[in-house]
Each structure stands twice: as C-alpha cells, then as structure tokens.
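Chemist: A single structure is presented below for examination.
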Protein chains: 2
Amino acid sequence: MSDREKDPPSRAGRQPSMVDVARRAGVALGTVSNVVNQPGKVSEKTRLKVQAAIEELGFVRNRAAGSLARGTSNTIGFVTIDLGNSFFLDMARGAEEQAQSMGKYLLLANADVSADKQDSYLALFNEERVAGILLAPVPHSLEYAAWVRAHGRPVVTVNGAFDEPDSCAVLIDNEHGGYLAARHLIELGRRRIAFVGGPDFLTPVHERHVGVERAVAETNGAVRLEHIPTREEQTGDGGEVGHALRSRSPDRMPDGIVAAADLLAVGMVQALSVAPSLSIPRDVAIIGYDNNRLAWDGTIPISTLSQPGREMGKAAAELLLDEILHPATHVHRRLTLEPTLIARQSTIGE
Amino acid sequence: MSDREKDPPSRAGRQPSMVDVARRAGVALGTVSNVVNQPGKVSEKTRLKVQAAIEELGFVRNRAAGSLARGTSNTIGFVTIDLGNSFFLDMARGAEEQAQSMGKYLLLANADVSADKQDSYLALFNEERVAGILLAPVPHSLEYAAWVRAHGRPVVTVNGAFDEPDSCAVLIDNEHGGYLAARHLIELGRRRIAFVGGPDFLTPVHERHVGVERAVAETNGAVRLEHIPTREEQTGDGGEVGHALRSRSPDRMPDGIVAAADLLAVGMVQALSVAPSLSIPRDVAIIGYDNNRLAWDGTIPISTLSQPGREMGKAAAELLLDEILHPATHVHRRLTLEPTLIARQSTIGE
DNA sequence: TTGAAAGCGTTACCAA
DNA sequence: TTGGTAACGCTTTCAA
C-alpha cells in the first residue's frame with residue numbers, strides 16, 4: 001500500500017510492465033523496449049537509467065506479449081519420439097547448441113512413442129506460435145505435421161522421412177549402416193549371416209535389413225543370409241533368440257549376426273555366454289546398432305554402428321533457422337548423414 | 001487474391017483469427033472464444049456453425065494472445081539437471097501424466113548439469129508466464145530459482161533441497177537409501193564394508209554415505225567401514241577401484257561394497273570378474289544405487305536401490321497444480337519419498 | 001445464450 | 001536518439 005507513486009488507478013498486485021518501468025525512469029515505453037532488446041540503440045545514460053528502474057521494480061519482460069506483437073516467439077520446439085533413447089537426446093543437444101548460437105531457446109516435448117502425444121505437442125507449439133518446430137517423428141504419423149507445415153509454421157523432420165515436397169529433412173542412412181555391418185562380417189570371413197530384428201516395413205530396422213541384403217547379394221551366393229524376426233528390439237527379445245540358437249545343430253548355426261539394435265545384441269551375447277558357452281567372436285561374431293552405452297559397457301564390448309545424433313540435431317536446427325530467418329531465399333534441402341562402424345571385441349576379438 | 005470476402009482492408013497473408021472466424025460464422029468474437037474454450041456454454045447449433053468456420057478457415061488459436069490476456073499460460077515448465085539420467089526422465093513422465101490429467105501441458109528444458117543453462121531456462125519460463133515451474137536442480141544453484149519464486153511464479157523443486165520457507169519440495173531420502181544398502185549387506189553377514197564414491201558434501205552421494213555410516217554405527221563396532229573416494233561416479237571410476245582392490249591382501253579386502261551409483265558398481269563388478277576372478281557375491285557382495293538399466297542388464301545382475309522417479313514427478317506436479325489452482329488455500333508441503341531395495345545376484349547369489 | 005467493448009504488455013513505425 | 005501511438009489476438013465482463 002505504501003508504494004503507490006502517482007498511478008491514478010492503483011496497479012497493485014500486478015507485475016510491473018514496461019509502462020511502469022518507463023514511468024519510473026522518465027522515458028518513453030519504446031525506449032524501454034529498446035533497452036531490453038537492442039541496448040545498442042540507446043544512449044549509455046538512458047540505458048543505465050532504465051536498467052536501474054528495471055532492477056528497482058523487479059521487472060520481468062512478458063514474452064507472451066512479445067510473441068503476440070511480433071507474431072512469433074523466440075523459441076524452437078523439439079517434439080521427439082523418445083527422450084529415453086540417447087540417440088534422440090543427442091539430437092536435442094545438437095539442436096540446442098545451434099539454436100542457442102543464434103539466440104533462440106529450445107524447448108523439448110517427449111512423445112514417448114505415442115503418435116497422439118506427438119500431435120498434441122505439435123499442436124501446442126503451433127498454437128504458441130513458436131519460431132519453428134523440429135520433429136523426430138513416430139513412424140507412420142506425419143499427417144498432422146504436414147498440416148502444421150501447410151499452415152505456415154516451419155517444420156524440419158529428423159530421422160524420419162518427411163516426404164512433403166515443401167520441407168527440409170535430416171535423415172540417417174540406415175540402409176548404408178546395414179550394409180556396413182554386413183560387409184564388416186563378410187570381410188572377417190563370415191559366410192552364414194543372420195539378421196535379427198524386425199520385420200517392420202518402412203522403419204529404420206527394415207532399412208538396415210535391406211542394406212544387409214545388398215551386401216550379401218554382392219557376394220554372388222558366397223554368403224548365406226537368414227532373417228530371424230523378433231517382436232521388439234529389447235534385451236529380452238535378444239535373449240530369446242540367443243537361447244533358440246543354442247539348440248541348433250552346428251551346421252545350421254550362423255557364424256555372423258547383425259542385430260537390428262544394440263539391446264538385441266546384448267541379449268544375445270549374454271544368452272550365448274552361459275556355459276556351455278559359444279565363443280564370441282570365434283564361433284559367432286555379433287554386431288549391433290545404435291552405439292548404446294550398453295554396447296560398450298558389458299563384459300564383451302560389442303561392435304556397433306554409431307549414429308551421429310548430435311550432428312543430425314545440429315544440422316536440422318541449422319536448416320530450420322535458415323528457413324525462419326530467410327524465408328524468401330530459403331531452399332528446402334534433404335540431408336543424409338552416415339553412421340559409423342565401431343569395431344569392438346564382439347567381432348574382432350581382443 | 002480470390003479469397004477476399006468483405007474485408008475492407010485485405011487481410012491476406014495473415015493467419016485467420018477469432019475475428020475472422022466470427023465474421024465467417026456470423027457470430028460474435030466472444031462466442032468463438034467460448035466454442036474453443038468452453039464448448040458447453042454454447043448452443044449446439046452455434047457451435048457447429050463456428051466449428052465449420054474454423055475448419056474452413058484453417059484457424060489455429062493463438063496461445064500467446066491467450067496467455068497475455070489471462071496473465072498466465074496453460075503450460076508447466078520442467079527444468080531438469082540431466083535428461084540423460086533416466087531418473088529425471090521418469091520424473092518428467094510422472095509430472096506429464098499428472099499435468100495432462102489436469103489439462104496442462106508439460107514442456108521440458110535440459111540443463112545438462114549446467115547451472116547457467118538451468119537459470120537461463122528458468123528465466124525463459126518465467127518470462128513466458130508459464131503456470132508454474134518444476135525444477136530438478138543442479139546442486140548449489142538455487143539462488144535464481146528463489147528469485148523467480150519471490151517474483152510470484154510457483155516453483156516446486158524435485159530432488160534438491162529448496163529451503164526457501166515459501167515453497168513446496170519433493171525429496172528422496174538418500175540417507176535412508178544408504179542405510180538400507182548397508183543393512184542389507186550386514187544382514188547377509190558382511191563385516192568389512194566399503195563405501196565407494198564421493199565425497200561431495202551436500203549431495204545425494206554424501207547423504208547415502210551418511211546412511212551407510214549410521215547402519216555401521218548401529219553395530220557397535222562389529223562392522224568395519226572404509227571410504228574409497230572416486231573422482232566421479234562413472235563406470236571407469238568403478239573399474240579403477242575394482243582394479244585397485246584386486247591387488248590388496250586378503251585381510252584388507254572388503255567383503256561388502258556399497259557403491260554410490262550403479263555405474264560404479266558395474267565398473268567394479270567387471271574389473272573384479274576378470275580372471276583370476278573374485279566370486280561375487282561369495283568373496284565380495286556389491287550393491288549399487290539408482291536401478292540403472294545397466295544394473296540388471298549385465299551378466300551379473302546387480303542389487304540396487306530404486307528411486308521412485310515417476311512418483312516424485314507426479315507428486316511434484318500435484319503440489320504445483322494445487323498451488324496454481326488454489327493459491328489462496330494452498331499450504332506448502334515438503335514430501336519425502338523412500339527408495340526401495342532390489343536384491344539381485346550381486347549380493348544374494350543365484 | 002449472445003453481442004459489444006475494454007484491456008493484457010509488447011513491438012514497430014513515424015514524427016520530433 | 002527519443003516519444004507517442006496503433007496494432008497484435010485473445011479473455012472477460014457487462015448488457016441485451
């Protein structure tokens with residue numbers, strides 16, 4: 001009650017606004033806005049005066065008002081299929097790094113593998129008028145994202161085909177990864193290869209499988225390939241496969257395995273290591289996919305394909321920011337990054 | 001150019017607003033707002049008319065405008081020290097579940113263990129006028145959070161003492177967890193116990209250590225306790241400790257180890273399993289902390305203390321929402337949840 | 001149940 | 001450089 005200055009209608013209980021700051025500092029409203037947003041445009045003396053008023057009043061700018069006035073916010077939204085997967089968290093790190101370097105904030109939304117949640121967050125970001133949206137999509141769920149895009153908000157997809165003609169996308173070459181994994185085994189002399197995982201058409205796992213098939217096909221029949229499907233790509237599924245393999249007769253046993261994911265590989269390695277154990281990699285070489293921490297933290301470090309998550313996120317944010325900043329000259333691009341093979345004990349021994 | 005209705009000044013290029021929808025549907029602006037926010041308040045007939053107009057125009061509500069008008073948004077911000085740690089991601093899941101059930105959205109910000117980033121996101125959420133903020137803080141960095149709170153925005157901390165008198169907090173009883181871990185080993189007959197990790201005063205690790213000390217003290221000297229410090233709590237640190245332990249003379253070897261974190265335990269188990277290996281748990285029983293996936297996915301499943309991340313997040317969101325919804329009657333509370341012991345092979349054998 | 005109008009706190013523009 | 005002012009699109013209140 002004691003801090004009423006000369007406000008005719010007492011504005012108590014409200015947070016101070018730029019108007020209050022302006023009054024206190026004895027300047028115009030626009031000047032306060034300039035001090036906050038482009039301090040260079042204001043004379044040293046005025047700026048100090050305004051800043052003092054800001055501190056005294058405990059002024060906190062209202063970004064909602066700013067977003068309304070400008071038609072867009074200073075934030076980028078990243079809707080991601082699964083933050084529990086370090087691949088996507090790495091993307092978020094890369095994207096944040098890039099966004100930050102251009103003065104934007106990155107806010108995260110976790111879809112937790114639910115297409116509904118994903119679309120709900122896309123709608124939220126769209127309605128909040130974020131500057132742009134990054135999307136690591138749930139497979140087969142891009143209709144809504146396309147709608148958002150069609151309504152004018154820039155959307156860049158990471159790690160999921162976004163075949164709208166009117167957009168940027170950053171992809172990872174899963175087919176090539178599968179190819180590299182199989183080539184690795186073949187070059188190590190393996191001739192009876194199994195691909196474990198899937199089938200899930202139009203998913204990364206499927207693309208990896210195709211790559212494996214290509215590598216095998218190139219051997220003109222010198223290498224045999226079989227496909228062992230699993231329900232999901234969890235450790236348990238790998239364990240079941242490993243268990244089943246143990247009861248096979250030696251001539252039907254593969255000598256090289258490409259697992260669609262590291263978790264599968266870990267499960268298999270463990271199941272095959274139980275006495276009477278097969279020797280890895282002597283009897284069977286195993287290579288996984290994802291460079292999951294589990295792959296290198298186990299007793300037998302597992303060879304794998306590492307995906308450049310951070311780089312993908314960074315590249316996606318770069319494309320998005322280009323579209324945001326230069327809508328006129330921006331040209332949509334589709335970037336494909338390559339996974340890298342990391343050879344460890346499970347294929348090349350100690 | 002063909003879609004100009006009867007707008008005197010052509011409003012082309014702009015996204016349609018509620019005004020446009022109202023005009024199209026032949027109703028008043030306020031009615032459109034009601035259709036969007038409280039459809040029950042509008043007659044069936046009007047509602048359908050308005051909804052049709054919304055679809056035809058491709059109207060997307062502007063939440064920035066809504067937040068401005070109402071003074072607060074429909075969103076809760078969760079600033080978290082490290083989304084790479086599944087403990088905190090679980091919190092996010094629990095918080096989201098609770099928020100969603102009360103019609104609010106949860107947006108995530110990853111501080112990545114940087115106090116600066118944390119404060120920067122706190123400022124962002126504060127400036128965006130979110131309904132409230134959840135904070136899983138970086139240790140020793142609560143000044144700014146207190147400032148935000150003092151400026152009127154509800155902040156609830158999870159897993160970090162927030163000793164402002166004027167706030168809610170959800171804590172986990174690390175001291176009790178350490179106590180449980182040590183009791184477990186003692187009840188299994190272990191008499192030479194080592195605590196591995198820390199020291200980092202005023203952190204969870206330190207509190208766990210204190211709990212271990214208490215359990216040991218209760219034996220009146222029947223049990224010996226030593227502290228083996230580490231630089232961090234990573235697998236590598238555990239490996240080093242395991243390695244060092246191997247070269248000890250048998251009488252100086254602990255028969256029970258409480259690791260401050262599962263990663264440490266994993267590293268030790270692996271180092272001790274290399275031939276000539278010690279038998280786990282016969283020679284030495286090991287218990288970790290966190291219920292990390294690594295703890296149960298390894299060759300030797302490791303006993304651990306499981307923290308109720310999801311429940312903590314849910315409880316925190318509940319407290320926050322109560323404060324948001326009933327600011328008048330809300331009473332600040334401090335909740336402490338208990339970790340649960342999970343006994344596995346590394347202490348109780350097969 | 002519906003219509004009209006007054007803010008909400010910025011930004012951006014133009015004049016001084 | 002600074003001051004004044006008109007949007008921005010919604011929520012909310014008050015009458016009709």
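Residue names in the structure tokens use chain letters A, B, ... in the order shown, residue numbers from 1 in each chain, and ligand numbers from 1 in the order shown.
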Any chance you could dump chain A, least-squares fitted to chain B on all C-alpha atoms in order, as a compact mmCIF listing (two decimals) with C-alpha atoms, in the first residue's frame?
Modeler:
```
# COMPACT_ATOMS: atom_id res chain seq x y z
CA MET A 1 -6.42 -12.75 -54.14
CA SER A 2 -9.71 -14.46 -54.77
CA ASP A 3 -10.68 -14.98 -51.16
CA ARG A 4 -11.32 -11.45 -50.07
CA GLU A 5 -14.75 -11.41 -48.58
CA LYS A 6 -15.88 -8.09 -47.31
CA ASP A 7 -12.76 -7.13 -45.42
CA PRO A 8 -12.21 -3.48 -46.16
CA PRO A 9 -8.49 -3.67 -45.51
CA SER A 10 -7.39 -6.92 -47.13
CA ARG A 11 -6.03 -9.16 -44.40
CA ALA A 12 -4.23 -11.46 -46.76
CA GLY A 13 -1.11 -13.30 -45.62
CA ARG A 14 -2.20 -13.26 -42.02
CA GLN A 15 -3.36 -16.35 -40.22
CA PRO A 16 -7.07 -16.21 -39.52
CA SER A 17 -8.00 -14.99 -36.07
CA MET A 18 -11.08 -15.41 -33.94
CA VAL A 19 -12.32 -12.19 -35.44
CA ASP A 20 -12.22 -13.76 -38.88
CA VAL A 21 -13.95 -16.86 -37.63
CA ALA A 22 -16.62 -14.76 -35.94
CA ARG A 23 -17.27 -12.78 -39.09
CA ARG A 24 -17.45 -15.92 -41.18
CA ALA A 25 -19.82 -17.65 -38.79
CA GLY A 26 -21.85 -14.53 -38.25
CA VAL A 27 -21.39 -14.50 -34.48
CA ALA A 28 -19.56 -12.37 -31.95
CA LEU A 29 -15.91 -12.73 -31.10
CA GLY A 30 -16.61 -13.83 -27.54
CA THR A 31 -18.74 -16.65 -28.82
CA VAL A 32 -15.85 -18.05 -30.83
CA SER A 33 -13.68 -17.91 -27.75
CA ASN A 34 -16.33 -19.83 -25.87
CA VAL A 35 -16.61 -22.48 -28.56
CA VAL A 36 -12.87 -23.03 -28.33
CA ASN A 37 -12.56 -22.97 -24.55
CA GLN A 38 -15.89 -23.96 -23.07
CA PRO A 39 -18.05 -25.54 -25.74
CA GLY A 40 -20.64 -26.34 -23.11
CA LYS A 41 -21.53 -22.68 -22.80
CA VAL A 42 -22.64 -22.43 -26.38
CA SER A 43 -25.77 -23.72 -28.03
CA GLU A 44 -25.38 -26.73 -30.25
CA LYS A 45 -26.43 -24.81 -33.33
CA THR A 46 -24.03 -21.91 -32.86
CA ARG A 47 -21.21 -24.26 -32.00
CA LEU A 48 -21.56 -26.20 -35.22
CA LYS A 49 -21.67 -23.01 -37.20
CA VAL A 50 -18.51 -21.76 -35.55
CA GLN A 51 -16.72 -25.06 -35.89
CA ALA A 52 -17.49 -25.13 -39.57
CA ALA A 53 -16.02 -21.68 -39.96
CA ILE A 54 -12.92 -22.79 -38.04
CA GLU A 55 -12.36 -25.69 -40.39
CA GLU A 56 -13.01 -23.69 -43.51
CA LEU A 57 -10.60 -21.00 -42.49
CA GLY A 58 -7.99 -23.37 -41.04
CA PHE A 59 -8.06 -21.33 -37.88
CA VAL A 60 -5.38 -22.08 -35.26
CA ARG A 61 -5.81 -20.39 -31.91
CA ASN A 62 -3.01 -18.11 -30.80
CA ARG A 63 -1.96 -19.15 -27.32
CA ALA A 64 0.45 -16.27 -26.98
CA ALA A 65 -2.50 -13.92 -27.13
CA GLY A 66 -4.38 -16.06 -24.65
CA SER A 67 -1.46 -16.12 -22.26
CA LEU A 68 -1.20 -12.37 -22.48
CA ALA A 69 -4.86 -11.81 -21.83
CA ARG A 70 -5.02 -14.24 -18.95
CA GLY A 71 -1.61 -13.43 -17.50
CA THR A 72 -0.57 -17.06 -17.51
CA SER A 73 -0.18 -19.91 -19.94
CA ASN A 74 -1.61 -23.38 -19.97
CA THR A 75 1.81 -24.93 -19.76
CA ILE A 76 4.11 -26.20 -17.04
CA GLY A 77 7.86 -26.05 -17.52
CA PHE A 78 10.17 -28.75 -16.22
CA VAL A 79 13.79 -27.73 -15.99
CA THR A 80 15.84 -30.82 -15.34
CA ILE A 81 19.48 -31.26 -14.49
CA ASP A 82 20.02 -34.18 -16.85
CA LEU A 83 17.54 -35.86 -19.13
CA GLY A 84 20.18 -38.44 -19.99
CA ASN A 85 19.62 -39.89 -16.55
CA SER A 86 16.55 -42.08 -16.63
CA PHE A 87 15.71 -41.08 -13.07
CA PHE A 88 14.88 -37.58 -14.25
CA LEU A 89 13.15 -38.71 -17.39
CA ASP A 90 10.93 -40.87 -15.23
CA MET A 91 10.10 -37.77 -13.20
CA ALA A 92 9.15 -36.03 -16.41
CA ARG A 93 6.85 -38.91 -17.30
CA GLY A 94 5.15 -38.83 -13.93
CA ALA A 95 4.80 -35.07 -14.02
CA GLU A 96 3.41 -35.12 -17.54
CA GLU A 97 0.86 -37.73 -16.60
CA GLN A 98 -0.36 -35.61 -13.73
CA ALA A 99 -0.29 -32.36 -15.69
CA GLN A 100 -2.20 -33.90 -18.56
CA SER A 101 -4.87 -35.23 -16.27
CA MET A 102 -5.50 -31.64 -15.24
CA GLY A 103 -5.49 -30.25 -18.74
CA LYS A 104 -2.00 -28.78 -18.75
CA TYR A 105 0.94 -29.40 -21.02
CA LEU A 106 4.46 -30.22 -19.85
CA LEU A 107 7.43 -28.76 -21.67
CA LEU A 108 10.94 -29.94 -20.95
CA ALA A 109 14.24 -28.11 -20.76
CA ASN A 110 17.51 -29.97 -20.37
CA ALA A 111 20.10 -28.17 -18.24
CA ASP A 112 22.69 -30.84 -18.99
CA VAL A 113 24.27 -30.36 -15.56
CA SER A 114 24.99 -26.70 -16.23
CA ALA A 115 23.76 -24.20 -13.65
CA ASP A 116 23.86 -21.46 -16.28
CA LYS A 117 21.64 -23.35 -18.66
CA GLN A 118 19.30 -24.16 -15.82
CA ASP A 119 18.93 -20.51 -14.88
CA SER A 120 18.55 -19.50 -18.49
CA TYR A 121 15.61 -21.87 -18.92
CA LEU A 122 14.11 -20.80 -15.61
CA ALA A 123 14.22 -17.24 -16.89
CA LEU A 124 12.63 -18.30 -20.17
CA PHE A 125 9.74 -20.05 -18.47
CA ASN A 126 9.31 -17.16 -16.10
CA GLU A 127 9.21 -14.70 -18.96
CA GLU A 128 6.77 -16.85 -20.89
CA ARG A 129 4.48 -16.72 -17.90
CA VAL A 130 4.06 -20.47 -17.62
CA ALA A 131 1.55 -21.62 -15.06
CA GLY A 132 4.31 -23.07 -12.93
CA ILE A 133 7.78 -24.53 -12.93
CA LEU A 134 9.11 -27.90 -11.88
CA LEU A 135 12.81 -27.96 -11.14
CA ALA A 136 15.18 -30.88 -10.66
CA PRO A 137 18.10 -28.65 -9.80
CA VAL A 138 21.80 -28.71 -10.35
CA PRO A 139 23.29 -28.89 -6.82
CA HIS A 140 24.19 -25.61 -5.14
CA SER A 141 22.37 -23.45 -7.67
CA LEU A 142 19.06 -22.42 -6.22
CA GLU A 143 19.52 -18.67 -5.90
CA TYR A 144 17.90 -17.91 -9.20
CA ALA A 145 15.07 -20.34 -8.65
CA ALA A 146 14.39 -18.58 -5.37
CA TRP A 147 14.33 -15.28 -7.20
CA VAL A 148 11.82 -16.59 -9.71
CA ARG A 149 9.70 -17.86 -6.90
CA ALA A 150 9.92 -14.58 -5.06
CA HIS A 151 8.62 -12.91 -8.20
CA GLY A 152 5.44 -14.83 -7.94
CA ARG A 153 5.81 -17.85 -10.15
CA PRO A 154 5.17 -21.18 -8.41
CA VAL A 155 8.28 -23.35 -8.39
CA VAL A 156 8.41 -26.86 -6.97
CA THR A 157 11.76 -28.57 -6.65
CA VAL A 158 12.21 -32.29 -7.09
CA ASN A 159 15.19 -34.11 -5.73
CA GLY A 160 17.03 -31.12 -4.40
CA ALA A 161 16.61 -29.30 -1.14
CA PHE A 162 14.82 -26.03 -1.74
CA ASP A 163 15.01 -24.48 1.63
CA GLU A 164 13.07 -21.40 0.86
CA PRO A 165 10.38 -21.38 3.50
CA ASP A 166 7.88 -20.37 0.85
CA SER A 167 7.75 -23.41 -1.39
CA CYS A 168 6.92 -27.04 -1.92
CA ALA A 169 9.54 -29.69 -2.48
CA VAL A 170 9.66 -33.39 -3.21
CA LEU A 171 12.71 -35.12 -1.88
CA ILE A 172 14.13 -38.59 -1.86
CA ASP A 173 15.55 -40.01 1.31
CA ASN A 174 19.09 -40.73 0.24
CA GLU A 175 20.28 -41.16 3.77
CA HIS A 176 17.72 -43.89 4.27
CA GLY A 177 18.75 -45.49 0.99
CA GLY A 178 22.34 -45.65 2.14
CA TYR A 179 21.16 -47.09 5.40
CA LEU A 180 19.11 -49.77 3.68
CA ALA A 181 22.01 -50.73 1.44
CA ALA A 182 24.39 -51.12 4.36
CA ARG A 183 21.82 -52.97 6.50
CA HIS A 184 21.31 -55.38 3.62
CA LEU A 185 25.01 -56.22 3.54
CA ILE A 186 25.26 -56.45 7.30
CA GLU A 187 22.31 -58.80 7.51
CA LEU A 188 24.04 -60.97 4.94
CA GLY A 189 26.92 -61.28 7.40
CA ARG A 190 29.33 -58.80 5.87
CA ARG A 191 31.63 -57.18 8.39
CA ARG A 192 34.14 -55.21 6.34
CA ILE A 193 32.19 -52.69 4.31
CA ALA A 194 33.45 -50.11 1.89
CA PHE A 195 31.51 -47.11 0.61
CA VAL A 196 32.69 -46.17 -2.86
CA GLY A 197 32.05 -42.71 -4.27
CA GLY A 198 32.10 -39.07 -3.33
CA PRO A 199 32.86 -37.20 -1.22
CA ASP A 200 30.65 -34.40 -2.42
CA PHE A 201 29.17 -32.61 0.47
CA LEU A 202 25.52 -31.68 0.35
CA THR A 203 24.79 -34.03 -2.54
CA PRO A 204 22.81 -37.25 -2.74
CA VAL A 205 26.03 -39.22 -2.74
CA HIS A 206 27.06 -37.69 0.52
CA GLU A 207 23.69 -38.35 2.10
CA ARG A 208 23.91 -41.98 1.08
CA HIS A 209 27.28 -42.17 2.74
CA VAL A 210 25.83 -40.78 5.95
CA GLY A 211 23.15 -43.46 5.88
CA VAL A 212 25.77 -46.14 5.50
CA GLU A 213 27.67 -44.69 8.45
CA ARG A 214 24.56 -44.81 10.58
CA ALA A 215 23.91 -48.46 9.79
CA VAL A 216 27.50 -49.31 10.63
CA ALA A 217 27.44 -47.26 13.82
CA GLU A 218 24.42 -49.23 14.99
CA THR A 219 26.53 -52.37 15.06
CA ASN A 220 28.64 -50.95 17.87
CA GLY A 221 31.93 -51.74 16.24
CA ALA A 222 31.03 -55.18 14.93
CA VAL A 223 31.34 -53.85 11.39
CA ARG A 224 34.22 -51.92 9.94
CA LEU A 225 33.64 -49.16 7.38
CA GLU A 226 36.04 -47.54 5.00
CA HIS A 227 35.48 -44.85 2.42
CA ILE A 228 36.96 -45.13 -1.07
CA PRO A 229 36.54 -41.82 -2.86
CA THR A 230 36.20 -41.47 -6.62
CA ARG A 231 36.46 -38.55 -8.96
CA GLU A 232 33.05 -39.07 -10.49
CA GLU A 233 30.44 -41.82 -10.47
CA GLN A 234 31.13 -43.35 -13.88
CA THR A 235 31.87 -46.92 -14.94
CA GLY A 236 35.51 -46.02 -15.42
CA ASP A 237 35.86 -44.79 -11.85
CA GLY A 238 34.39 -48.07 -10.64
CA GLY A 239 36.83 -49.96 -12.83
CA GLU A 240 39.76 -48.17 -11.24
CA VAL A 241 38.53 -48.96 -7.76
CA GLY A 242 37.98 -52.60 -8.69
CA HIS A 243 41.45 -52.77 -10.11
CA ALA A 244 42.99 -51.25 -7.01
CA LEU A 245 41.10 -53.63 -4.75
CA ARG A 246 42.50 -56.69 -6.53
CA SER A 247 46.01 -55.88 -5.41
CA ARG A 248 45.04 -55.69 -1.78
CA SER A 249 46.03 -58.35 0.67
CA PRO A 250 43.09 -60.59 1.60
CA ASP A 251 42.80 -59.23 5.12
CA ARG A 252 42.40 -55.70 3.82
CA MET A 253 39.79 -56.69 1.27
CA PRO A 254 36.21 -55.59 2.01
CA ASP A 255 33.57 -58.31 1.90
CA GLY A 256 30.76 -55.88 1.15
CA ILE A 257 30.65 -52.77 -1.00
CA VAL A 258 28.06 -50.03 -1.22
CA ALA A 259 28.55 -48.12 -4.45
CA ALA A 260 27.20 -44.59 -4.59
CA ALA A 261 25.83 -45.32 -8.06
CA ASP A 262 25.12 -48.29 -10.30
CA LEU A 263 27.68 -47.22 -12.86
CA LEU A 264 30.36 -47.48 -10.20
CA ALA A 265 29.09 -50.90 -9.23
CA VAL A 266 29.10 -52.10 -12.83
CA GLY A 267 32.69 -50.97 -13.29
CA MET A 268 33.75 -52.74 -10.13
CA VAL A 269 31.96 -55.95 -10.95
CA GLN A 270 33.65 -56.06 -14.32
CA ALA A 271 37.10 -55.28 -12.96
CA LEU A 272 36.73 -57.93 -10.27
CA SER A 273 35.42 -60.52 -12.73
CA VAL A 274 38.57 -60.63 -14.81
CA ALA A 275 40.55 -63.81 -14.11
CA PRO A 276 41.83 -64.57 -11.55
CA SER A 277 38.44 -63.41 -10.52
CA LEU A 278 36.93 -62.89 -7.14
CA SER A 279 33.58 -64.52 -6.69
CA ILE A 280 30.62 -62.18 -6.40
CA PRO A 281 28.91 -62.26 -3.98
CA ARG A 282 30.86 -64.96 -2.14
CA ASP A 283 34.10 -63.05 -1.75
CA VAL A 284 32.58 -59.63 -1.98
CA ALA A 285 28.96 -58.55 -2.18
CA ILE A 286 28.22 -55.40 -4.13
CA ILE A 287 25.20 -53.16 -4.09
CA GLY A 288 24.66 -50.11 -6.28
CA TYR A 289 22.23 -47.24 -6.39
CA ASP A 290 19.73 -45.91 -8.98
CA ASN A 291 18.33 -49.07 -10.56
CA ASN A 292 20.03 -48.17 -13.78
CA ARG A 293 19.27 -50.47 -16.67
CA LEU A 294 22.92 -51.43 -16.62
CA ALA A 295 22.42 -52.86 -13.17
CA TRP A 296 20.10 -55.60 -14.30
CA ASP A 297 21.23 -56.07 -17.86
CA GLY A 298 24.74 -57.30 -17.08
CA THR A 299 26.04 -60.81 -16.72
CA ILE A 300 25.80 -60.49 -12.97
CA PRO A 301 22.61 -58.62 -12.10
CA ILE A 302 23.46 -56.07 -9.46
CA SER A 303 21.49 -55.32 -6.32
CA THR A 304 20.49 -51.70 -6.09
CA LEU A 305 18.25 -49.06 -4.60
CA SER A 306 15.44 -48.03 -6.85
CA GLN A 307 14.24 -44.46 -6.71
CA PRO A 308 10.59 -43.74 -7.42
CA GLY A 309 11.23 -41.17 -10.14
CA ARG A 310 7.82 -41.36 -11.71
CA GLU A 311 6.07 -41.01 -8.38
CA MET A 312 8.26 -38.08 -7.45
CA GLY A 313 7.43 -36.28 -10.67
CA LYS A 314 3.77 -36.99 -10.24
CA ALA A 315 3.75 -35.79 -6.66
CA ALA A 316 5.65 -32.64 -7.57
CA ALA A 317 3.23 -31.82 -10.37
CA GLU A 318 0.36 -32.41 -7.99
CA LEU A 319 1.77 -29.96 -5.48
CA LEU A 320 2.46 -27.45 -8.21
CA LEU A 321 -1.01 -27.70 -9.67
CA ASP A 322 -2.57 -27.31 -6.27
CA GLU A 323 -0.61 -24.12 -5.79
CA ILE A 324 -1.61 -22.89 -9.24
CA LEU A 325 -5.28 -23.75 -8.91
CA HIS A 326 -5.83 -22.81 -5.29
CA PRO A 327 -3.32 -20.11 -4.45
CA ALA A 328 -5.44 -18.92 -1.55
CA THR A 329 -5.83 -22.17 0.32
CA HIS A 330 -2.61 -23.82 -0.78
CA VAL A 331 -0.28 -24.88 1.98
CA HIS A 332 3.35 -25.58 1.17
CA ARG A 333 4.45 -29.11 1.80
CA ARG A 334 7.65 -31.04 1.76
CA LEU A 335 7.29 -34.64 0.64
CA THR A 336 9.96 -37.26 1.14
CA LEU A 337 9.70 -40.53 -0.76
CA GLU A 338 11.69 -43.63 0.04
CA PRO A 339 13.88 -45.68 -2.24
CA THR A 340 13.32 -49.42 -2.45
CA LEU A 341 15.93 -52.10 -2.16
CA ILE A 342 16.13 -54.56 -5.01
CA ALA A 343 18.21 -57.61 -4.10
CA ARG A 344 19.90 -59.35 -7.01
CA GLN A 345 22.66 -61.76 -7.67
CA SER A 346 25.53 -59.44 -6.74
CA THR A 347 24.56 -59.67 -3.07
CA ILE A 348 22.34 -62.71 -2.61
CA GLY A 349 23.75 -65.01 -5.28
CA GLU A 350 21.71 -67.07 -7.69
```
Chemist: Report as a PyMOL selection string: the residues of segment 43-168 of chain B with a DSSP assignment of helix (DSSP H, G or I), based on the backbone of this structure.
Modeler: chain B and resi 44-57+63-70+86-101+115-127+143-150
Chemist: Compile the contact shell of DA16 of chain C as a PDB file with C-alpha atoms (C1' of nucleotides), in the first residue's frame: residues with an atom at most 10 Å away, counting only C-alpha atoms (C1' of nucleotides), same-chain residues fewer than 6 positions apart removed.
Modeler:
```pdb
ATOM      1  C1'  DT D   2      13.652   9.546 -28.127  1.00  0.00           C
ATOM      2  C1'  DG D   3       8.426   9.970 -27.690  1.00  0.00           C
ATOM      3  C1'  DG D   4       3.844   8.818 -28.954  1.00  0.00           C
TER       4       DG D   4
END
```
Chemist: Write down as an MDAnalysis selection string the residues belonging to segment 100-312 of chain A that are assigned strand (DSSP E) by DSSP computed on the backbone.
Modeler: chainID A and resid 105:110 132:136 155:158 168:172 192:196 224:228 256:259 285:287 304:306
Chemist: Please, which residues of chain C lie no more than 10 Å from chain A when the count uses only C-alpha atoms (C1' of nucleotides), and can they be set out as a PyMOL selection string?
Modeler: chain C and resi 8-12
Chemist: Would you mind listing, as a PyMOL selection string, all residues of chain D that have at least one atom within 12 Å of chain A, where only C-alpha atoms (C1' of nucleotides) are what counts?
Modeler: chain D and resi 1-10
